[in-house]
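Let me begin by presenting the structure, written as structure tokens, before commenting on it.
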Amino acid sequence: MTTTVILGAGIIGTSTAYYLSKHQAASSIHLVEPSPELFASASGYAGGFLAKNWFSPASAQLGLLSFEEHLKLAAKEDGARNWGFAPSTSISLTPAAGKRVDVWCRDGASRAEAAAGGTAAGVAPPWLRGRGADAVEVISDEGSVAQVDPLQLSQFLLRKCLDAGVRLHHPAQAISVQLDVRDEVASICIADTQSGSETDIPCTNVVVAAGAWSPRVFAALFPTAAFELPIRSLAGHSLVVKAPGWTKEDEDKGCHAVFMTTQPGYSPEVFSRTGGHIYIAGLNSSTEPLPALPTDSKANISKSAIDRLRGTVKDVLGEDDVEVVREGLCFRPATDKGTPILSRVPDQCLGPAVATRPAPEGGVYLASGHGPWGISMSLGTGKVMAEMIQGRKLSADVSGLGLEV
């Protein structure tokens with residue numbers, strides 16, 4: 001029986017484990033996560049906005065597949081109750097411009113520029129009482145966008161994995177790979193970060209799904225490799241607030257995603273969620289240093305960034321004083337192309353005298369670089385990666401999301 005070790009227990013890693021477990025013994029799947037707190041970065045602190053068709057040709061099929069998987073899972077597992085799944089409507093407070101798909105994570109542009117729907121005059125949601133509330137533009141087609149609470153979705157997927165028998169090593173860090181007599185990857189040594197005890201997990205399939213930390217994980221496991229994973233980090237601050245104007249009665253009519261541009265480089269995104277919560281983000285930085293662990297981000301939350309987001313809250317909600325539920329700083333994995341990488345890593349990239357068994361018996365794989373679309377593309381990524389690893393027909397064409405070496 002082929003054993004798979006997934007390095008990273010965020011939403012991409014747990015989604016991969018979830019779909020793998022449908023076609024192999026769950027006990028042969030291992031999730032390894034070094035952060036003391038699970039889902040302490042983008043998997044727990046992202047906006048949770050889902051889109052059906054806001055993607056470039058290279059990732060269009062993956063985006064569509066993932067949206068369909070979100071719909072199926074929500075219908076099957078009562079997503080509305082378990083992770084706040086709700087239909088949404090996207091509106092823009094900024095006049096329409098020419099579409100530029102997948103540039104958001106490079107230059108701070110608004111994701112609204114990638115919207116696939118036509119534009120039409122719309123009615124502002126009841127909680128939108130500030131600037132622009134009298135003139136909004138609907139930029140999504142009906143049924144093409146939705147909203148979730150990413151932390152609750154991540155926690156649900158992990159529970160399903162653990163209930164099935166997937167093994168979670170947490171907090172633990174992968175420290176080395178061991179080779180067999182043919183110089184093929186045969187096991188991974190992990191260390192419990194609390195006790196220091198080490199465990200050797202026999203495996204032939206390895207999935208690097210550690211988000212922005214993926215290059216560090218890869219370099220630690222394959223220290224002789226000259227190849228570096230082309231993943232960089234994109235930091236983003238966020239706020240979650242309680243809005244007096246966002247009531248349970250309004251939730252029954254659906255959520256809203258509000259996109260705006262207040263000045264060059266700052267394109268706030270405001271998402272209403274079930275439970276009376278409003279999520280605000282849009283302050284992003286590619287120069288913020290990536291911490292050693294996701295939990296270390298809390299110490300680096302910028303007061304000036306949070307104050308700026310608070311100003312946006314006042315501007316959009318028209319409220320002087322709202323209850324702040326939480327402040328956040330997370331790091332998303334991004335690529336220069338603005339599209340994710342779903343690929344097997346060629347053996348020649350692993351370093352001298354390091355090889356893997358032919359698929360589906362073995363291999364090192366990468367699933368990362370989703371930028372702002374990690375939650376939206378999570379389920380599709382997990383499904384396609386499971387199919388790729390297990391040698392089954394892929395449900396989406398991801399040939400344009402390969403690893404360039």
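We label chains A, B, ... in the order they appear in the structure tokens, count residues from 1 in each chain, and number ligands from 1 in the order shown.
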
* **Leu401 in chain A surroundings by only C-alpha atoms, 10 Å radius, close-in-sequence under 5 positions cut, as a PyMOL selection string** => chain A and resi 58-59+62+337+339-343+367+369

* **Spatial neighbours of Leu366 in chain A, 9 Å, only C-alpha atoms, chain gap at least 2 places, as a list of chain:residue names** =>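 In the requested form, the answer reads A:Val206, A:Val207, A:Val208, A:Ala209, A:Ser214, A:Leu229, A:Ile341, A:Leu342, A:Ser343, A:Arg344, A:Val345, A:Val364, A:Ser368, A:Met385, A:Leu403.
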
Proximity check range 266-363 of chain A to range 237-260 of chain A, 12 Å, nearest pairs one decimal Å, only C-alpha atoms, as CSV:
residue,atom,partner,partner_atom,distance
A:Tyr266,CA,A:Met260,CA,8.7
A:Ser267,CA,A:Met260,CA,5.5
A:Pro268,CA,A:Met260,CA,5.6
A:Glu269,CA,A:Phe259,CA,4.9
A:Val270,CA,A:Val258,CA,5.0
A:Phe271,CA,A:Ala257,CA,4.5
A:Ser272,CA,A:Cys255,CA,5.4
A:Arg273,CA,A:Cys255,CA,6.2
A:Thr274,CA,A:Glu251,CA,6.1
A:Gly275,CA,A:Lys248,CA,7.3
A:Gly276,CA,A:Trp246,CA,5.5
A:His277,CA,A:Lys242,CA,4.9
A:Ile278,CA,A:Val241,CA,5.3
A:Tyr279,CA,A:Val240,CA,4.5
A:Ile280,CA,A:Leu239,CA,5.2
A:Ala281,CA,A:Ser238,CA,4.5
A:Gly282,CA,A:His237,CA,7.3
A:Leu283,CA,A:His237,CA,5.8
A:Asn284,CA,A:His237,CA,6.7
A:Ser285,CA,A:His237,CA,9.0
A:Glu288,CA,A:His237,CA,10.9
A:Ser297,CA,A:His237,CA,10.2
A:Lys298,CA,A:His237,CA,10.5
A:Asn300,CA,A:His237,CA,10.1
A:Ile301,CA,A:His237,CA,7.4
A:Ser302,CA,A:His237,CA,8.0
A:Lys303,CA,A:His237,CA,10.1
A:Ser304,CA,A:His237,CA,10.4
A:Ala305,CA,A:His237,CA,6.8
A:Ile306,CA,A:His237,CA,7.1
A:Asp307,CA,A:Leu239,CA,10.0
A:Arg308,CA,A:His237,CA,10.0
A:Leu309,CA,A:Leu239,CA,7.1
A:Arg310,CA,A:Leu239,CA,7.9
A:Gly311,CA,A:Leu239,CA,11.2
A:Thr312,CA,A:Leu239,CA,10.3
A:Val313,CA,A:Val241,CA,8.5
A:Lys314,CA,A:Ala243,CA,10.6
A:Asp315,CA,A:Met260,CA,11.4
A:Val316,CA,A:Val258,CA,9.4
A:Leu317,CA,A:Ala243,CA,7.6
A:Gly318,CA,A:Gly245,CA,9.9
A:Glu319,CA,A:Ala243,CA,8.5
A:Asp320,CA,A:Ala243,CA,11.1
A:Asp321,CA,A:Ala243,CA,9.6
A:Val322,CA,A:Lys242,CA,6.3
A:Glu323,CA,A:Lys242,CA,5.3
A:Val324,CA,A:Val241,CA,4.4
A:Val325,CA,A:Val241,CA,5.1
A:Arg326,CA,A:Val240,CA,5.4
A:Glu327,CA,A:Leu239,CA,4.7
A:Gly328,CA,A:Ser238,CA,5.0
A:Leu329,CA,A:His237,CA,4.4
A:Cys330,CA,A:His237,CA,6.6
A:Phe331,CA,A:His237,CA,9.0
A:Arg332,CA,A:His237,CA,11.1

Write out, as a short mmCIF file (atom, residue, chain, number, x, y, z; two decimals), in the first residue's frame, the residues just selected, with C-alpha atoms.
data_model
loop_
_atom_site.label_atom_id
_atom_site.label_comp_id
_atom_site.auth_asym_id
_atom_site.auth_seq_id
_atom_site.Cartn_x
_atom_site.Cartn_y
_atom_site.Cartn_z
CA TYR A 266 -5.12 49.88 -2.01
CA SER A 267 -8.22 48.03 -3.19
CA PRO A 268 -10.35 47.15 -0.17
CA GLU A 269 -12.46 44.00 -0.23
CA VAL A 270 -15.46 43.83 2.10
CA PHE A 271 -17.34 40.55 2.54
CA SER A 272 -20.48 39.99 4.58
CA ARG A 273 -20.61 36.60 6.28
CA THR A 274 -23.28 34.74 8.17
CA GLY A 275 -23.37 35.39 11.91
CA GLY A 276 -23.47 39.16 11.48
CA HIS A 277 -19.78 39.42 10.59
CA ILE A 278 -18.15 41.69 8.01
CA TYR A 279 -14.63 40.91 6.77
CA ILE A 280 -12.40 43.75 5.52
CA ALA A 281 -9.01 43.38 3.80
CA GLY A 282 -7.01 44.84 0.94
CA LEU A 283 -3.74 46.01 2.53
CA ASN A 284 -1.15 43.65 1.07
CA SER A 285 2.63 43.55 1.05
CA GLU A 288 6.70 41.78 4.83
CA SER A 297 2.39 36.61 12.62
CA LYS A 298 0.33 37.92 15.52
CA ASN A 300 3.80 41.56 13.61
CA ILE A 301 0.31 43.00 13.14
CA SER A 302 0.77 46.62 12.11
CA LYS A 303 -1.21 49.22 14.06
CA SER A 304 -1.10 51.62 11.13
CA ALA A 305 -2.48 48.94 8.79
CA ILE A 306 -5.29 48.10 11.20
CA ASP A 307 -6.09 51.80 11.67
CA ARG A 308 -6.33 52.17 7.91
CA LEU A 309 -8.72 49.23 7.68
CA ARG A 310 -10.75 50.72 10.53
CA GLY A 311 -11.00 53.88 8.46
CA THR A 312 -12.35 51.83 5.57
CA VAL A 313 -14.89 50.25 7.92
CA LYS A 314 -16.14 53.69 8.92
CA ASP A 315 -16.14 54.82 5.29
CA VAL A 316 -18.12 51.81 4.02
CA LEU A 317 -20.40 50.99 6.94
CA GLY A 318 -21.07 54.58 7.94
CA GLU A 319 -20.50 53.65 11.58
CA ASP A 320 -18.22 55.49 13.98
CA ASP A 321 -17.91 52.61 16.41
CA VAL A 322 -18.24 48.94 15.48
CA GLU A 323 -17.29 45.86 17.47
CA VAL A 324 -14.00 44.39 16.24
CA VAL A 325 -14.18 40.59 16.42
CA ARG A 326 -10.56 40.04 15.45
CA GLU A 327 -7.52 41.54 13.75
CA GLY A 328 -5.39 39.43 11.47
CA LEU A 329 -2.21 39.14 9.44
CA CYS A 330 -1.80 36.18 7.14
CA PHE A 331 0.64 35.15 4.43
CA ARG A 332 -0.62 33.77 1.12
#

* Asked: From the set A:Leu50, A:Ala359, A:Val354, A:Ala396, which residue has the shortest atom-to-atom contact distance to Ala186 in chain A, counting only C-alpha atoms?
  -> A:Val354

Any idea what's packed within 7 Å of Ile175 in chain A, counting only C-alpha atoms, ignoring anything in its chain fewer than 5 positions away? Could you give it as a PDB file with C-alpha atoms, in the first residue's frame?
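Writing the result to out.pdb gives the following:
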ATOM      1  CA  CYS A 189      11.604  11.703   9.413  1.00  0.00           C
ATOM      2  CA  ILE A 190       9.411  14.074  11.406  1.00  0.00           C
ATOM      3  CA  ALA A 191      10.132  15.651  14.766  1.00  0.00           C
ATOM      4  CA  ALA A 220      14.823  21.456   4.373  1.00  0.00           C
ATOM      5  CA  LEU A 221      13.938  18.066   2.904  1.00  0.00           C
TER       6      LEU A 221
END

* Give the helix (DSSP H, G or I) residues of range 290-390 of chain A, as DSSP finds them on the backbone, and put them as a PyMOL selection string. => chain A and resi 294-300+303-317+347-349+371-373+378-390

Could you turn the residues from that selection into a file that holds N, CA and C atoms, as a short mmCIF file (atom, residue, chain, number, x, y, z; two decimals), in the first residue's frame?
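part_26.cif, written as the output of this step:
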data_model
loop_
_atom_site.label_atom_id
_atom_site.label_comp_id
_atom_site.auth_asym_id
_atom_site.auth_seq_id
_atom_site.Cartn_x
_atom_site.Cartn_y
_atom_site.Cartn_z
N PRO A 294 3.35 30.35 11.24
CA PRO A 294 2.18 31.21 11.09
C PRO A 294 1.77 31.91 12.38
N THR A 295 1.88 31.24 13.51
CA THR A 295 1.47 31.84 14.77
C THR A 295 2.34 33.04 15.15
N ASP A 296 3.53 33.14 14.58
CA ASP A 296 4.40 34.27 14.87
C ASP A 296 3.89 35.56 14.22
N SER A 297 2.91 35.44 13.32
CA SER A 297 2.39 36.61 12.62
C SER A 297 1.71 37.59 13.56
N LYS A 298 1.12 37.07 14.63
CA LYS A 298 0.33 37.92 15.52
C LYS A 298 1.16 39.05 16.11
N ALA A 299 2.43 38.76 16.35
CA ALA A 299 3.30 39.79 16.94
C ALA A 299 3.66 40.87 15.93
N ASN A 300 3.40 40.62 14.66
CA ASN A 300 3.80 41.56 13.61
C ASN A 300 2.63 42.34 13.02
N LYS A 303 -0.15 48.33 13.57
CA LYS A 303 -1.21 49.22 14.06
C LYS A 303 -1.66 50.17 12.98
N SER A 304 -0.72 50.67 12.18
CA SER A 304 -1.10 51.62 11.13
C SER A 304 -1.97 50.94 10.07
N ALA A 305 -1.66 49.67 9.76
CA ALA A 305 -2.48 48.94 8.79
C ALA A 305 -3.88 48.72 9.33
N ILE A 306 -3.98 48.33 10.60
CA ILE A 306 -5.29 48.10 11.20
C ILE A 306 -6.08 49.40 11.28
N ASP A 307 -5.41 50.50 11.60
CA ASP A 307 -6.09 51.80 11.67
C ASP A 307 -6.63 52.18 10.29
N ARG A 308 -5.88 51.86 9.26
CA ARG A 308 -6.33 52.17 7.91
C ARG A 308 -7.57 51.35 7.55
N LEU A 309 -7.56 50.08 7.93
CA LEU A 309 -8.72 49.23 7.68
C LEU A 309 -9.92 49.72 8.50
N ARG A 310 -9.67 50.17 9.71
CA ARG A 310 -10.75 50.72 10.53
C ARG A 310 -11.36 51.95 9.84
N GLY A 311 -10.50 52.73 9.20
CA GLY A 311 -11.00 53.88 8.46
C GLY A 311 -11.90 53.46 7.31
N THR A 312 -11.52 52.35 6.65
CA THR A 312 -12.35 51.83 5.57
C THR A 312 -13.69 51.34 6.11
N VAL A 313 -13.65 50.71 7.29
CA VAL A 313 -14.89 50.25 7.92
C VAL A 313 -15.84 51.43 8.12
N LYS A 314 -15.32 52.50 8.67
CA LYS A 314 -16.14 53.69 8.92
C LYS A 314 -16.66 54.26 7.61
N ASP A 315 -15.79 54.26 6.59
CA ASP A 315 -16.14 54.82 5.29
C ASP A 315 -17.26 54.02 4.63
N VAL A 316 -17.18 52.69 4.73
CA VAL A 316 -18.12 51.81 4.02
C VAL A 316 -19.39 51.58 4.83
N LEU A 317 -19.24 51.33 6.11
CA LEU A 317 -20.40 50.99 6.94
C LEU A 317 -21.13 52.22 7.47
N ASP A 347 12.29 14.60 -10.75
CA ASP A 347 13.35 14.06 -9.90
C ASP A 347 14.63 14.88 -9.98
N GLN A 348 14.93 15.44 -11.16
CA GLN A 348 16.19 16.19 -11.30
C GLN A 348 16.21 17.45 -10.44
N CYS A 349 15.04 17.84 -9.93
CA CYS A 349 14.97 19.02 -9.06
C CYS A 349 15.18 18.70 -7.59
N GLY A 371 -2.33 32.44 -4.30
CA GLY A 371 -2.57 33.86 -4.10
C GLY A 371 -3.86 34.10 -3.34
N PRO A 372 -4.74 34.98 -3.84
CA PRO A 372 -5.99 35.28 -3.13
C PRO A 372 -7.08 34.24 -3.35
N TRP A 373 -6.80 33.19 -4.12
CA TRP A 373 -7.83 32.23 -4.49
C TRP A 373 -7.67 30.87 -3.80
N SER A 378 -9.61 25.57 -3.27
CA SER A 378 -9.12 24.52 -2.36
C SER A 378 -9.65 23.14 -2.71
N LEU A 379 -10.96 23.01 -2.86
CA LEU A 379 -11.53 21.68 -3.07
C LEU A 379 -11.15 21.12 -4.43
N GLY A 380 -11.15 21.96 -5.45
CA GLY A 380 -10.72 21.50 -6.76
C GLY A 380 -9.27 21.08 -6.77
N THR A 381 -8.44 21.84 -6.05
CA THR A 381 -7.03 21.48 -5.95
C THR A 381 -6.87 20.14 -5.26
N GLY A 382 -7.57 19.94 -4.15
CA GLY A 382 -7.47 18.66 -3.45
C GLY A 382 -7.90 17.50 -4.32
N LYS A 383 -8.97 17.69 -5.07
CA LYS A 383 -9.48 16.61 -5.93
C LYS A 383 -8.49 16.29 -7.04
N VAL A 384 -7.98 17.32 -7.71
CA VAL A 384 -7.04 17.09 -8.82
C VAL A 384 -5.72 16.51 -8.33
N MET A 385 -5.22 17.01 -7.18
CA MET A 385 -3.97 16.47 -6.65
C MET A 385 -4.13 15.00 -6.27
N ALA A 386 -5.27 14.64 -5.69
CA ALA A 386 -5.50 13.24 -5.34
C ALA A 386 -5.51 12.38 -6.60
N GLU A 387 -6.15 12.85 -7.64
CA GLU A 387 -6.19 12.11 -8.90
C GLU A 387 -4.80 11.99 -9.51
N MET A 388 -4.03 13.05 -9.45
CA MET A 388 -2.67 13.06 -10.00
C MET A 388 -1.80 12.06 -9.25
N ILE A 389 -1.86 12.08 -7.94
CA ILE A 389 -1.04 11.19 -7.12
C ILE A 389 -1.43 9.73 -7.32
N GLN A 390 -2.71 9.48 -7.44
CA GLN A 390 -3.21 8.11 -7.54
C GLN A 390 -3.26 7.60 -8.97
#

* Nearest to Ala225 in chain A: which of A:Gly130, A:Ala210, A:Gly351, A:Ile139 is it, counting only C-alpha atoms? -> A:Gly351

* Distance query range 150-155 of chain A at most 10 Å, only C-alpha atoms, self and fewer than 2 positions along chain excluded, as an MDAnalysis selection string -> chainID A and resid 9:15 38:49 74 79 81:85 147:148 157:161 374:376 378

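In terms of minimum interatomic distance to Glu33 in chain A, A:Leu293 ranks closest within A:Ile231, A:Leu293, A:Val185, A:Cys203, counting only C-alpha atoms.
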
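Here the question is which of A:Gly196, A:Gly236, A:Gly143, A:Gly338 gets nearest to Gly400 in chain A using only C-alpha atoms, and that residue is A:Gly338.
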
* What does the distance from CA of Glu142 in chain A to CA of Ala124 in chain A come to in Å, to one decimal? ->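 Interatomic distance, CA of Glu142 in chain A to CA of Ala124 in chain A: 15.7 Å.
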
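Proximity ranking of A:Leu64, A:Leu168, A:Ala80, A:Val136 relative to Ile6 in chain A places A:Leu168 first, based on only C-alpha atoms.
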
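When CA of Asp192 in chain A is paired with CA of Ala172 in chain A, their separation reads 4.3 Å.
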
* To do: Just list the residues in range 183-351 of chain A DSSP gives strand (DSSP E) on the backbone, as a PyMOL selection string.
  => chain A and resi 185-192+198-202+205-208+232-242+255-259+269-273+277-285+323-334+341-344

* **Distance of CA of Ile91 in chain A from CA of Lys76 in chain A, expressed in Å to one decimal place** =>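 Value for the CA of Lys76 in chain A-CA of Ile91 in chain A distance: 28.7 Å.
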